[in-house]
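With PDB, C-alpha atoms and all ligand atoms inside, this is structure17.pdb:
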ATOM      1  CA  MET A   5     -79.183  32.512   1.921  1.00  0.00           C
ATOM      2  CA  LYS A   6     -75.488  33.284   1.775  1.00  0.00           C
ATOM      3  CA  VAL A   7     -73.770  36.466   0.604  1.00  0.00           C
ATOM      4  CA  PHE A   8     -70.070  36.635  -0.165  1.00  0.00           C
ATOM      5  CA  GLY A   9     -68.411  40.068  -0.170  1.00  0.00           C
ATOM      6  CA  ILE A  10     -64.996  40.697  -1.656  1.00  0.00           C
ATOM      7  CA  CYS A  11     -63.112  43.723  -0.367  1.00  0.00           C
ATOM      8  CA  ALA A  12     -60.652  44.402  -3.168  1.00  0.00           C
ATOM      9  CA  SER A  13     -58.530  46.977  -1.361  1.00  0.00           C
ATOM     10  CA  PRO A  14     -54.921  46.096  -0.512  1.00  0.00           C
ATOM     11  CA  ARG A  15     -55.497  47.518   2.989  1.00  0.00           C
ATOM     12  CA  ASN A  16     -58.069  47.613   5.749  1.00  0.00           C
ATOM     13  CA  GLY A  17     -59.466  51.031   4.873  1.00  0.00           C
ATOM     14  CA  THR A  18     -62.541  52.795   3.612  1.00  0.00           C
ATOM     15  CA  THR A  19     -63.765  50.043   1.273  1.00  0.00           C
ATOM     16  CA  GLN A  20     -63.628  47.470   4.044  1.00  0.00           C
ATOM     17  CA  TYR A  21     -65.486  49.854   6.313  1.00  0.00           C
ATOM     18  CA  VAL A  22     -68.449  50.193   3.934  1.00  0.00           C
ATOM     19  CA  LEU A  23     -68.470  46.519   2.936  1.00  0.00           C
ATOM     20  CA  SER A  24     -68.573  45.577   6.634  1.00  0.00           C
ATOM     21  CA  GLU A  25     -71.505  47.967   7.092  1.00  0.00           C
ATOM     22  CA  ALA A  26     -73.284  46.313   4.161  1.00  0.00           C
ATOM     23  CA  LEU A  27     -72.691  42.787   5.417  1.00  0.00           C
ATOM     24  CA  ASN A  28     -73.776  43.730   8.952  1.00  0.00           C
ATOM     25  CA  LYS A  29     -77.051  45.053   7.583  1.00  0.00           C
ATOM     26  CA  LEU A  30     -77.638  41.798   5.696  1.00  0.00           C
ATOM     27  CA  SER A  31     -76.725  39.718   8.777  1.00  0.00           C
ATOM     28  CA  GLY A  32     -79.398  41.643  10.666  1.00  0.00           C
ATOM     29  CA  HIS A  33     -81.896  40.200   8.183  1.00  0.00           C
ATOM     30  CA  ASP A  34     -80.848  36.594   8.833  1.00  0.00           C
ATOM     31  CA  ILE A  35     -78.591  36.362   5.808  1.00  0.00           C
ATOM     32  CA  GLU A  36     -75.319  34.501   6.296  1.00  0.00           C
ATOM     33  CA  THR A  37     -72.382  36.663   5.238  1.00  0.00           C
ATOM     34  CA  VAL A  38     -68.721  36.025   4.554  1.00  0.00           C
ATOM     35  CA  MET A  39     -66.112  38.656   3.742  1.00  0.00           C
ATOM     36  CA  PHE A  40     -62.843  38.113   1.934  1.00  0.00           C
ATOM     37  CA  SER A  41     -60.379  40.958   2.377  1.00  0.00           C
ATOM     38  CA  CYS A  42     -57.535  41.216  -0.092  1.00  0.00           C
ATOM     39  CA  GLN A  43     -55.321  42.879   2.504  1.00  0.00           C
ATOM     40  CA  GLY A  44     -52.096  40.885   2.757  1.00  0.00           C
ATOM     41  CA  LYS A  45     -53.443  38.155   0.474  1.00  0.00           C
ATOM     42  CA  ASP A  46     -51.525  36.342  -2.195  1.00  0.00           C
ATOM     43  CA  ILE A  47     -53.601  36.556  -5.380  1.00  0.00           C
ATOM     44  CA  LYS A  48     -51.468  35.983  -8.439  1.00  0.00           C
ATOM     45  CA  HIS A  49     -52.370  36.958 -11.969  1.00  0.00           C
ATOM     46  CA  CYS A  50     -53.852  34.522 -14.447  1.00  0.00           C
ATOM     47  CA  MET A  51     -51.042  33.305 -16.708  1.00  0.00           C
ATOM     48  CA  HIS A  52     -53.369  32.110 -19.475  1.00  0.00           C
ATOM     49  CA  CYS A  53     -51.674  28.716 -19.351  1.00  0.00           C
ATOM     50  CA  ASP A  54     -55.037  26.975 -19.949  1.00  0.00           C
ATOM     51  CA  TYR A  55     -54.170  24.378 -17.304  1.00  0.00           C
ATOM     52  CA  CYS A  56     -57.641  24.925 -15.789  1.00  0.00           C
ATOM     53  CA  LEU A  57     -59.391  24.037 -19.038  1.00  0.00           C
ATOM     54  CA  GLU A  58     -57.636  20.672 -19.164  1.00  0.00           C
ATOM     55  CA  ASN A  59     -57.467  19.863 -15.455  1.00  0.00           C
ATOM     56  CA  LYS A  60     -60.559  21.577 -14.046  1.00  0.00           C
ATOM     57  CA  LYS A  61     -58.561  23.532 -11.490  1.00  0.00           C
ATOM     58  CA  CYS A  62     -56.104  26.415 -11.419  1.00  0.00           C
ATOM     59  CA  ILE A  63     -52.422  25.507 -11.438  1.00  0.00           C
ATOM     60  CA  ILE A  64     -51.625  28.378  -9.045  1.00  0.00           C
ATOM     61  CA  GLN A  65     -51.802  27.617  -5.321  1.00  0.00           C
ATOM     62  CA  ASP A  66     -52.581  30.808  -3.402  1.00  0.00           C
ATOM     63  CA  ASP A  67     -55.386  32.550  -1.521  1.00  0.00           C
ATOM     64  CA  MET A  68     -57.801  32.199  -4.458  1.00  0.00           C
ATOM     65  CA  ASP A  69     -58.842  28.854  -2.961  1.00  0.00           C
ATOM     66  CA  GLU A  70     -60.830  30.743  -0.305  1.00  0.00           C
ATOM     67  CA  VAL A  71     -62.445  32.890  -3.015  1.00  0.00           C
ATOM     68  CA  TYR A  72     -63.342  29.870  -5.159  1.00  0.00           C
ATOM     69  CA  LYS A  73     -64.968  28.090  -2.212  1.00  0.00           C
ATOM     70  CA  ASN A  74     -67.059  31.082  -1.191  1.00  0.00           C
ATOM     71  CA  LEU A  75     -68.099  32.054  -4.721  1.00  0.00           C
ATOM     72  CA  ASN A  76     -69.247  28.507  -5.223  1.00  0.00           C
ATOM     73  CA  GLU A  77     -71.372  28.525  -2.065  1.00  0.00           C
ATOM     74  CA  ALA A  78     -72.785  32.070  -2.376  1.00  0.00           C
ATOM     75  CA  ASP A  79     -76.260  33.041  -3.483  1.00  0.00           C
ATOM     76  CA  GLY A  80     -75.277  36.712  -3.661  1.00  0.00           C
ATOM     77  CA  ILE A  81     -71.941  38.357  -4.439  1.00  0.00           C
ATOM     78  CA  ILE A  82     -70.810  41.869  -3.509  1.00  0.00           C
ATOM     79  CA  LEU A  83     -67.765  43.234  -5.304  1.00  0.00           C
ATOM     80  CA  ALA A  84     -66.433  46.181  -3.281  1.00  0.00           C
ATOM     81  CA  THR A  85     -63.488  47.981  -4.807  1.00  0.00           C
ATOM     82  CA  PRO A  86     -61.487  51.124  -4.247  1.00  0.00           C
ATOM     83  CA  VAL A  87     -61.332  53.115  -7.473  1.00  0.00           C
ATOM     84  CA  GLN A  88     -57.807  52.746  -8.791  1.00  0.00           C
ATOM     85  CA  SER A  89     -56.663  54.457 -11.988  1.00  0.00           C
ATOM     86  CA  GLY A  90     -60.301  55.154 -12.806  1.00  0.00           C
ATOM     87  CA  SER A  91     -61.567  51.580 -12.451  1.00  0.00           C
ATOM     88  CA  VAL A  92     -61.400  48.497 -10.206  1.00  0.00           C
ATOM     89  CA  SER A  93     -58.310  47.583  -8.177  1.00  0.00           C
ATOM     90  CA  SER A  94     -55.675  45.271  -9.620  1.00  0.00           C
ATOM     91  CA  TYR A  95     -56.611  42.723  -6.929  1.00  0.00           C
ATOM     92  CA  LEU A  96     -60.175  42.594  -8.221  1.00  0.00           C
ATOM     93  CA  SER A  97     -59.061  42.396 -11.826  1.00  0.00           C
ATOM     94  CA  ALA A  98     -56.871  39.388 -10.955  1.00  0.00           C
ATOM     95  CA  ILE A  99     -59.720  37.709  -9.041  1.00  0.00           C
ATOM     96  CA  MET A 100     -62.074  38.165 -11.995  1.00  0.00           C
ATOM     97  CA  ASP A 101     -59.583  36.593 -14.415  1.00  0.00           C
ATOM     98  CA  ARG A 102     -58.855  33.705 -12.091  1.00  0.00           C
ATOM     99  CA  THR A 103     -62.541  32.686 -11.888  1.00  0.00           C
ATOM    100  CA  ARG A 104     -62.046  31.241 -15.380  1.00  0.00           C
ATOM    101  CA  ALA A 105     -60.940  28.142 -13.481  1.00  0.00           C
ATOM    102  CA  LEU A 106     -64.343  27.904 -11.761  1.00  0.00           C
ATOM    103  CA  GLU A 107     -66.167  27.812 -15.052  1.00  0.00           C
ATOM    104  CA  ALA A 108     -63.756  25.228 -16.369  1.00  0.00           C
ATOM    105  CA  VAL A 109     -65.226  22.981 -13.665  1.00  0.00           C
ATOM    106  CA  ASP A 110     -68.844  23.947 -14.284  1.00  0.00           C
ATOM    107  CA  TYR A 111     -69.874  26.523 -16.887  1.00  0.00           C
ATOM    108  CA  ASN A 112     -73.039  27.294 -14.930  1.00  0.00           C
ATOM    109  CA  LEU A 113     -71.407  27.677 -11.550  1.00  0.00           C
ATOM    110  CA  LEU A 114     -71.945  31.431 -11.204  1.00  0.00           C
ATOM    111  CA  ARG A 115     -75.090  31.685 -13.295  1.00  0.00           C
ATOM    112  CA  GLY A 116     -78.234  32.922 -11.556  1.00  0.00           C
ATOM    113  CA  LYS A 117     -76.469  34.341  -8.512  1.00  0.00           C
ATOM    114  CA  ILE A 118     -77.243  37.974  -7.635  1.00  0.00           C
ATOM    115  CA  GLY A 119     -74.463  40.598  -7.804  1.00  0.00           C
ATOM    116  CA  MET A 120     -74.012  44.148  -6.588  1.00  0.00           C
ATOM    117  CA  SER A 121     -71.157  46.624  -6.813  1.00  0.00           C
ATOM    118  CA  ILE A 122     -69.623  49.039  -4.311  1.00  0.00           C
ATOM    119  CA  ALA A 123     -67.086  51.572  -5.591  1.00  0.00           C
ATOM    120  CA  VAL A 124     -65.084  53.867  -3.300  1.00  0.00           C
ATOM    121  CA  GLY A 125     -63.145  56.751  -4.819  1.00  0.00           C
ATOM    122  CA  GLY A 126     -60.851  59.233  -3.149  1.00  0.00           C
ATOM    123  CA  ASP A 127     -62.305  61.844  -5.486  1.00  0.00           C
ATOM    124  CA  ARG A 128     -65.981  62.672  -5.760  1.00  0.00           C
ATOM    125  CA  THR A 129     -66.015  61.749  -9.445  1.00  0.00           C
ATOM    126  CA  GLY A 130     -62.867  59.640  -9.663  1.00  0.00           C
ATOM    127  CA  GLY A 131     -64.215  56.800 -11.776  1.00  0.00           C
ATOM    128  CA  GLN A 132     -66.772  55.131  -9.503  1.00  0.00           C
ATOM    129  CA  ASP A 133     -69.081  54.569 -12.483  1.00  0.00           C
ATOM    130  CA  PHE A 134     -66.311  52.972 -14.529  1.00  0.00           C
ATOM    131  CA  ALA A 135     -65.563  50.649 -11.611  1.00  0.00           C
ATOM    132  CA  HIS A 136     -69.275  49.748 -11.391  1.00  0.00           C
ATOM    133  CA  LEU A 137     -69.417  49.104 -15.133  1.00  0.00           C
ATOM    134  CA  SER A 138     -66.411  46.819 -14.895  1.00  0.00           C
ATOM    135  CA  ASN A 139     -68.136  44.868 -12.110  1.00  0.00           C
ATOM    136  CA  ILE A 140     -71.437  44.809 -13.981  1.00  0.00           C
ATOM    137  CA  ALA A 141     -69.715  43.591 -17.177  1.00  0.00           C
ATOM    138  CA  TYR A 142     -68.155  40.805 -15.125  1.00  0.00           C
ATOM    139  CA  PHE A 143     -71.569  39.904 -13.700  1.00  0.00           C
ATOM    140  CA  ILE A 144     -73.186  39.795 -17.134  1.00  0.00           C
ATOM    141  CA  ILE A 145     -70.378  37.764 -18.700  1.00  0.00           C
ATOM    142  CA  HIS A 146     -70.742  35.131 -15.994  1.00  0.00           C
ATOM    143  CA  GLY A 147     -74.541  35.026 -15.864  1.00  0.00           C
ATOM    144  CA  ILE A 148     -74.717  36.806 -12.502  1.00  0.00           C
ATOM    145  CA  ILE A 149     -77.778  39.056 -12.225  1.00  0.00           C
ATOM    146  CA  PRO A 150     -76.589  42.637 -11.554  1.00  0.00           C
ATOM    147  CA  VAL A 151     -78.653  44.933  -9.348  1.00  0.00           C
ATOM    148  CA  SER A 152     -78.456  48.619  -8.560  1.00  0.00           C
ATOM    149  CA  GLY A 153     -80.461  50.840  -6.265  1.00  0.00           C
ATOM    150  CA  GLY A 154     -82.039  52.485  -9.291  1.00  0.00           C
ATOM    151  CA  PRO A 155     -82.169  56.085 -10.448  1.00  0.00           C
ATOM    152  CA  PHE A 156     -81.869  59.131  -8.185  1.00  0.00           C
ATOM    153  CA  GLY A 157     -78.590  58.286  -6.503  1.00  0.00           C
ATOM    154  CA  SER A 158     -77.538  54.698  -7.012  1.00  0.00           C
ATOM    155  CA  ASN A 159     -77.871  54.117 -10.718  1.00  0.00           C
ATOM    156  CA  LEU A 160     -75.140  51.501 -11.032  1.00  0.00           C
ATOM    157  CA  GLY A 161     -74.522  50.510  -7.406  1.00  0.00           C
ATOM    158  CA  ALA A 162     -73.279  52.062  -4.167  1.00  0.00           C
ATOM    159  CA  SER A 163     -70.841  54.912  -4.850  1.00  0.00           C
ATOM    160  CA  PHE A 164     -68.686  56.545  -2.205  1.00  0.00           C
ATOM    161  CA  TRP A 165     -66.447  59.571  -1.963  1.00  0.00           C
ATOM    162  CA  SER A 166     -63.968  58.618   0.752  1.00  0.00           C
ATOM    163  CA  GLN A 167     -61.554  61.547   0.651  1.00  0.00           C
ATOM    164  CA  ASP A 168     -59.210  58.726   1.695  1.00  0.00           C
ATOM    165  CA  SER A 169     -60.429  58.745   5.283  1.00  0.00           C
ATOM    166  CA  ILE A 170     -62.710  56.491   7.326  1.00  0.00           C
ATOM    167  CA  ASP A 171     -63.983  59.536   9.242  1.00  0.00           C
ATOM    168  CA  GLU A 172     -64.927  61.235   5.969  1.00  0.00           C
ATOM    169  CA  ILE A 173     -66.597  58.185   4.430  1.00  0.00           C
ATOM    170  CA  LYS A 174     -68.757  57.801   7.548  1.00  0.00           C
ATOM    171  CA  ASN A 175     -70.040  61.287   6.785  1.00  0.00           C
ATOM    172  CA  ASP A 176     -70.750  60.567   3.120  1.00  0.00           C
ATOM    173  CA  GLY A 177     -74.516  60.552   3.577  1.00  0.00           C
ATOM    174  CA  TYR A 178     -75.169  60.397  -0.151  1.00  0.00           C
ATOM    175  CA  GLY A 179     -72.932  57.327  -0.410  1.00  0.00           C
ATOM    176  CA  MET A 180     -74.599  55.640   2.573  1.00  0.00           C
ATOM    177  CA  GLU A 181     -77.990  56.296   1.006  1.00  0.00           C
ATOM    178  CA  SER A 182     -76.803  54.735  -2.248  1.00  0.00           C
ATOM    179  CA  LEU A 183     -75.639  51.715  -0.232  1.00  0.00           C
ATOM    180  CA  ASP A 184     -79.003  51.316   1.510  1.00  0.00           C
ATOM    181  CA  ARG A 185     -80.895  51.579  -1.748  1.00  0.00           C
ATOM    182  CA  THR A 186     -78.662  49.084  -3.515  1.00  0.00           C
ATOM    183  CA  LEU A 187     -78.784  46.659  -0.579  1.00  0.00           C
ATOM    184  CA  ASN A 188     -82.544  46.906  -0.503  1.00  0.00           C
ATOM    185  CA  GLU A 189     -82.793  45.891  -4.151  1.00  0.00           C
ATOM    186  CA  PHE A 190     -80.126  43.219  -3.679  1.00  0.00           C
ATOM    187  CA  GLU A 191     -82.223  41.651  -0.915  1.00  0.00           C
ATOM    188  CA  ASN A 192     -85.381  41.928  -3.029  1.00  0.00           C
ATOM    189  CA  PHE A 193     -83.666  40.039  -5.846  1.00  0.00           C
ATOM    190  CA  LEU A 194     -82.266  37.415  -3.468  1.00  0.00           C
ATOM    191  CA  ASN A 195     -85.729  36.803  -2.063  1.00  0.00           C
ATOM    192  CA  LYS A 196     -87.365  36.749  -5.470  1.00  0.00           C
ATOM    193  CA  TYR A 197     -84.904  34.669  -7.507  1.00  0.00           C
ATOM    194  CA  ILE A 198     -82.992  32.416  -5.098  1.00  0.00           C
TER     195      ILE A 198
HETATM  196  C1  LIG B   1     -52.933  53.358  -7.015  1.00  0.00           C
HETATM  197  C2  LIG B   1     -54.126  54.174  -6.643  1.00  0.00           C
HETATM  198  C3  LIG B   1     -54.903  54.712  -7.632  1.00  0.00           C
HETATM  199  C4  LIG B   1     -56.025  55.471  -7.295  1.00  0.00           C
HETATM  200  N1  LIG B   1     -56.797  55.956  -8.303  1.00  0.00           N
HETATM  201  C5  LIG B   1     -57.918  56.656  -7.981  1.00  0.00           C
HETATM  202  C6  LIG B   1     -58.769  57.122  -9.014  1.00  0.00           C
HETATM  203  O1  LIG B   1     -58.546  56.923 -10.194  1.00  0.00           O
HETATM  204  N2  LIG B   1     -59.896  57.794  -8.642  1.00  0.00           N
HETATM  205  C7  LIG B   1     -60.208  58.038  -7.338  1.00  0.00           C
HETATM  206  O2  LIG B   1     -61.264  58.638  -7.044  1.00  0.00           O
HETATM  207  N3  LIG B   1     -59.402  57.624  -6.319  1.00  0.00           N
HETATM  208  C8  LIG B   1     -58.273  56.932  -6.630  1.00  0.00           C
HETATM  209  N4  LIG B   1     -57.472  56.444  -5.617  1.00  0.00           N
HETATM  210  C9  LIG B   1     -57.858  56.730  -4.225  1.00  0.00           C
HETATM  211  C10 LIG B   1     -58.642  55.571  -3.591  1.00  0.00           C
HETATM  212  O3  LIG B   1     -59.701  55.157  -4.396  1.00  0.00           O
HETATM  213  C11 LIG B   1     -59.242  56.015  -2.254  1.00  0.00           C
HETATM  214  O4  LIG B   1     -58.220  56.475  -1.400  1.00  0.00           O
HETATM  215  C12 LIG B   1     -60.023  54.906  -1.587  1.00  0.00           C
HETATM  216  O5  LIG B   1     -60.709  55.434  -0.479  1.00  0.00           O
HETATM  217  C13 LIG B   1     -59.095  53.778  -1.134  1.00  0.00           C
HETATM  218  O6  LIG B   1     -59.853  52.737  -0.582  1.00  0.00           O
HETATM  219  P1  LIG B   1     -59.328  51.927   0.708  1.00  0.00           P
HETATM  220  O7  LIG B   1     -59.297  52.917   1.833  1.00  0.00           O
HETATM  221  O8  LIG B   1     -60.332  50.875   0.897  1.00  0.00           O
HETATM  222  O9  LIG B   1     -57.996  51.390   0.341  1.00  0.00           O
HETATM  223  C14 LIG B   1     -56.349  55.705  -5.925  1.00  0.00           C
HETATM  224  C15 LIG B   1     -55.544  55.136  -4.929  1.00  0.00           C
HETATM  225  C16 LIG B   1     -54.453  54.374  -5.283  1.00  0.00           C
HETATM  226  C17 LIG B   1     -53.607  53.781  -4.182  1.00  0.00           C
END
structure tokens encoding of this file:
Amino acid sequence: MKVFGICASPRNGTTQYVLSEALNKLSGHDIETVMFSCQGKDIKHCMHCDYCLENKKCIIQDDMDEVYKNLNEADGIILATPVQSGSVSSYLSAIMDRTRALEAVDYNLLRGKIGMSIAVGGDRTGGQDFAHLSNIAYFIIHGIIPVSGGPFGSNLGASFWSQDSIDEIKNDGYGMESLDRTLNEFENFLNKYI
């Protein structure tokens, strides 16, 4: 079983901290994990040139190659994003668009994988749910099975209030609980459907 986590922050900050925690917990259960951090990465925007539809690969040569490879190999996908302007980061938005090239190769490539969302906002209610819904819409569009930790705290995924500080996010007990609950369900789905 392999889980691929994308940290969609442009820096090594609070989102990377919680994604690392999540992946460490999964590793402890004999699940292979790989993290891609967007920090310092070159991820260009989709130009809608349609080159991928004709040629079965993206015309842009940049760090998406690492993302393509790992998405292809993963059984489970974690999209971890800082909340930016009330939704996902621009890095994550670009990554989502660029996976069009994967489906140009094989329409079913992402179908049946399991997906979960982590959203980290500087504000307590800064748009974490909108970020989750963006991730969940992406999952549904691409046939990825979305999981949450269920009602009473993690309705759409793991939600954090970082107050823009790693020390503060470590103390976000409610957020950590939402992470545990979502991870638990994520593992249940991996075991049941993969
Ligand atoms: C451009 C930008 C936009 C942001 N917009 C929001 C927002 O809409 N809501 C929110 O709660 N926090 C917002 N933040 C704060 C970040 O979500 C918060 O600091 C988060 O912890 C950053 O994650 P990181 O430490 O992994 O980079 C924004 C930060 C930036 C840089």
- Do you know which residues are at most 7 Å from stretch 77-81 of chain A counting only C-alpha atoms, after dropping those on the same chain fewer than 4 positions away, and could you put them as a PyMOL selection string? chain A and resi 5-9+73+117-120+198
Since we have the selection now, will you write its residues out, keeping C-alpha atoms, as a PDB file, in the coordinates of the input?
ATOM      1  CA  MET A   5     -79.183  32.512   1.921  1.00  0.00           C
ATOM      2  CA  LYS A   6     -75.488  33.284   1.775  1.00  0.00           C
ATOM      3  CA  VAL A   7     -73.770  36.466   0.604  1.00  0.00           C
ATOM      4  CA  PHE A   8     -70.070  36.635  -0.165  1.00  0.00           C
ATOM      5  CA  GLY A   9     -68.411  40.068  -0.170  1.00  0.00           C
ATOM      6  CA  LYS A  73     -64.968  28.090  -2.212  1.00  0.00           C
ATOM      7  CA  LYS A 117     -76.469  34.341  -8.512  1.00  0.00           C
ATOM      8  CA  ILE A 118     -77.243  37.974  -7.635  1.00  0.00           C
ATOM      9  CA  GLY A 119     -74.463  40.598  -7.804  1.00  0.00           C
ATOM     10  CA  MET A 120     -74.012  44.148  -6.588  1.00  0.00           C
ATOM     11  CA  ILE A 198     -82.992  32.416  -5.098  1.00  0.00           C
TER      12      ILE A 198
END
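Among the candidates A:Glu191, A:Glu36, A:Asp133, A:Glu25, the residue lying nearest to A:Ser163 is A:Asp133 (atoms considered: only C-alpha atoms).
Rounded to one decimal, atom CA of A:Leu187 and atom CA of A:Gly153 lie 7.3 Å from each other.
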- Take the point (-62.4, 57.3, -6.0) as written in the file and pick out every residue within 10 Å of it, counting all atoms listed in the file; give the list as a ChimeraX atom specification. /A:85-92,123-133,135,163-168
What are the centre and edge lengths in Å, to one decimal, of the axis-aligned box around all listed atoms of ligand LIG 1 (chain B) with 8 Å added on each side, as JSON?
{"center_x": -57.1, "center_y": 54.8, "center_z": -4.2, "size_x": 24.3, "size_y": 23.8, "size_z": 28.0}
Sorted per-residue table, stretch 14-36 of chain A near stretch 41-48 of chain A, closest atoms and distance, 9 Å, only C-alpha atoms, as JSON lines:
{"residue": "A:Pro14", "atom": "CA", "partner": "A:Gln43", "partner_atom": "CA", "distance": 4.4}
{"residue": "A:Arg15", "atom": "CA", "partner": "A:Gln43", "partner_atom": "CA", "distance": 4.7}
{"residue": "A:Asn16", "atom": "CA", "partner": "A:Gln43", "partner_atom": "CA", "distance": 6.4}
{"residue": "A:Gln20", "atom": "CA", "partner": "A:Ser41", "partner_atom": "CA", "distance": 7.5}
Okay, now the selection with C-alpha atoms, as a PDB file, keeping the file's coordinate frame?
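Contents of result.pdb, freshly written:
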ATOM      1  CA  PRO A  14     -54.921  46.096  -0.512  1.00  0.00           C
ATOM      2  CA  ARG A  15     -55.497  47.518   2.989  1.00  0.00           C
ATOM      3  CA  ASN A  16     -58.069  47.613   5.749  1.00  0.00           C
ATOM      4  CA  GLN A  20     -63.628  47.470   4.044  1.00  0.00           C
TER       5      GLN A  20
END
- I need the residue set behind the PyMOL selection byres (((chain A and resi 161) around 6) and not hetatm) for this file; please write it as a list in words. Ser121, Ile122, Ser152, Ser158, Asn159, Leu160, Ala162 and Thr186 of chain A
- Query: Which neighbours of A:Thr103 fall inside 12 Å, counting only C-alpha atoms, when residues of the same chain fewer than 5 positions from it are skipped, and could you give them as a PyMOL selection string?
  - Reply: chain A and resi 47+49-50+52+56-57+60-62+68-76+96-98+108-111+113-114+142-143+145-146
Quick one: stretch 63-80 of chain A with N, CA and C atoms, as a short mmCIF file (atom, residue, chain, number, x, y, z; two decimals), keeping the file's coordinate frame?
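The new file rebuild-v2.cif reads:
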data_model
loop_
_atom_site.label_atom_id
_atom_site.label_comp_id
_atom_site.auth_asym_id
_atom_site.auth_seq_id
_atom_site.Cartn_x
_atom_site.Cartn_y
_atom_site.Cartn_z
N ILE A 63 -53.75 26.06 -11.77
CA ILE A 63 -52.42 25.51 -11.44
C ILE A 63 -51.77 26.29 -10.29
N ILE A 64 -52.25 27.53 -10.07
CA ILE A 64 -51.62 28.38 -9.04
C ILE A 64 -52.21 28.04 -7.67
N GLN A 65 -51.36 27.86 -6.70
CA GLN A 65 -51.80 27.62 -5.32
C GLN A 65 -51.60 28.91 -4.53
N ASP A 66 -52.69 29.58 -4.21
CA ASP A 66 -52.58 30.81 -3.40
C ASP A 66 -53.92 31.07 -2.72
N ASP A 67 -54.18 32.28 -2.30
CA ASP A 67 -55.39 32.55 -1.52
C ASP A 67 -56.67 32.55 -2.35
N MET A 68 -56.57 32.31 -3.66
CA MET A 68 -57.80 32.20 -4.46
C MET A 68 -58.66 31.01 -4.03
N ASP A 69 -58.05 30.02 -3.38
CA ASP A 69 -58.84 28.85 -2.96
C ASP A 69 -60.02 29.28 -2.09
N GLU A 70 -59.76 30.24 -1.19
CA GLU A 70 -60.83 30.74 -0.30
C GLU A 70 -61.91 31.46 -1.13
N VAL A 71 -61.48 32.18 -2.16
CA VAL A 71 -62.44 32.89 -3.02
C VAL A 71 -63.27 31.88 -3.82
N TYR A 72 -62.62 30.89 -4.38
CA TYR A 72 -63.34 29.87 -5.16
C TYR A 72 -64.42 29.21 -4.31
N LYS A 73 -64.03 28.81 -3.10
CA LYS A 73 -64.97 28.09 -2.21
C LYS A 73 -66.20 28.96 -1.92
N ASN A 74 -65.94 30.21 -1.58
CA ASN A 74 -67.06 31.08 -1.19
C ASN A 74 -67.91 31.52 -2.38
N LEU A 75 -67.29 31.72 -3.54
CA LEU A 75 -68.10 32.05 -4.72
C LEU A 75 -69.01 30.88 -5.06
N ASN A 76 -68.48 29.72 -4.93
CA ASN A 76 -69.25 28.51 -5.22
C ASN A 76 -70.48 28.41 -4.33
N GLU A 77 -70.29 28.71 -3.05
CA GLU A 77 -71.37 28.52 -2.06
C GLU A 77 -72.36 29.70 -2.01
N ALA A 78 -71.98 30.86 -2.56
CA ALA A 78 -72.78 32.07 -2.38
C ALA A 78 -74.04 32.09 -3.24
N ASP A 79 -75.08 32.71 -2.68
CA ASP A 79 -76.26 33.04 -3.48
C ASP A 79 -76.11 34.45 -4.03
N GLY A 80 -75.49 35.32 -3.26
CA GLY A 80 -75.28 36.71 -3.66
C GLY A 80 -73.81 37.09 -3.52
#
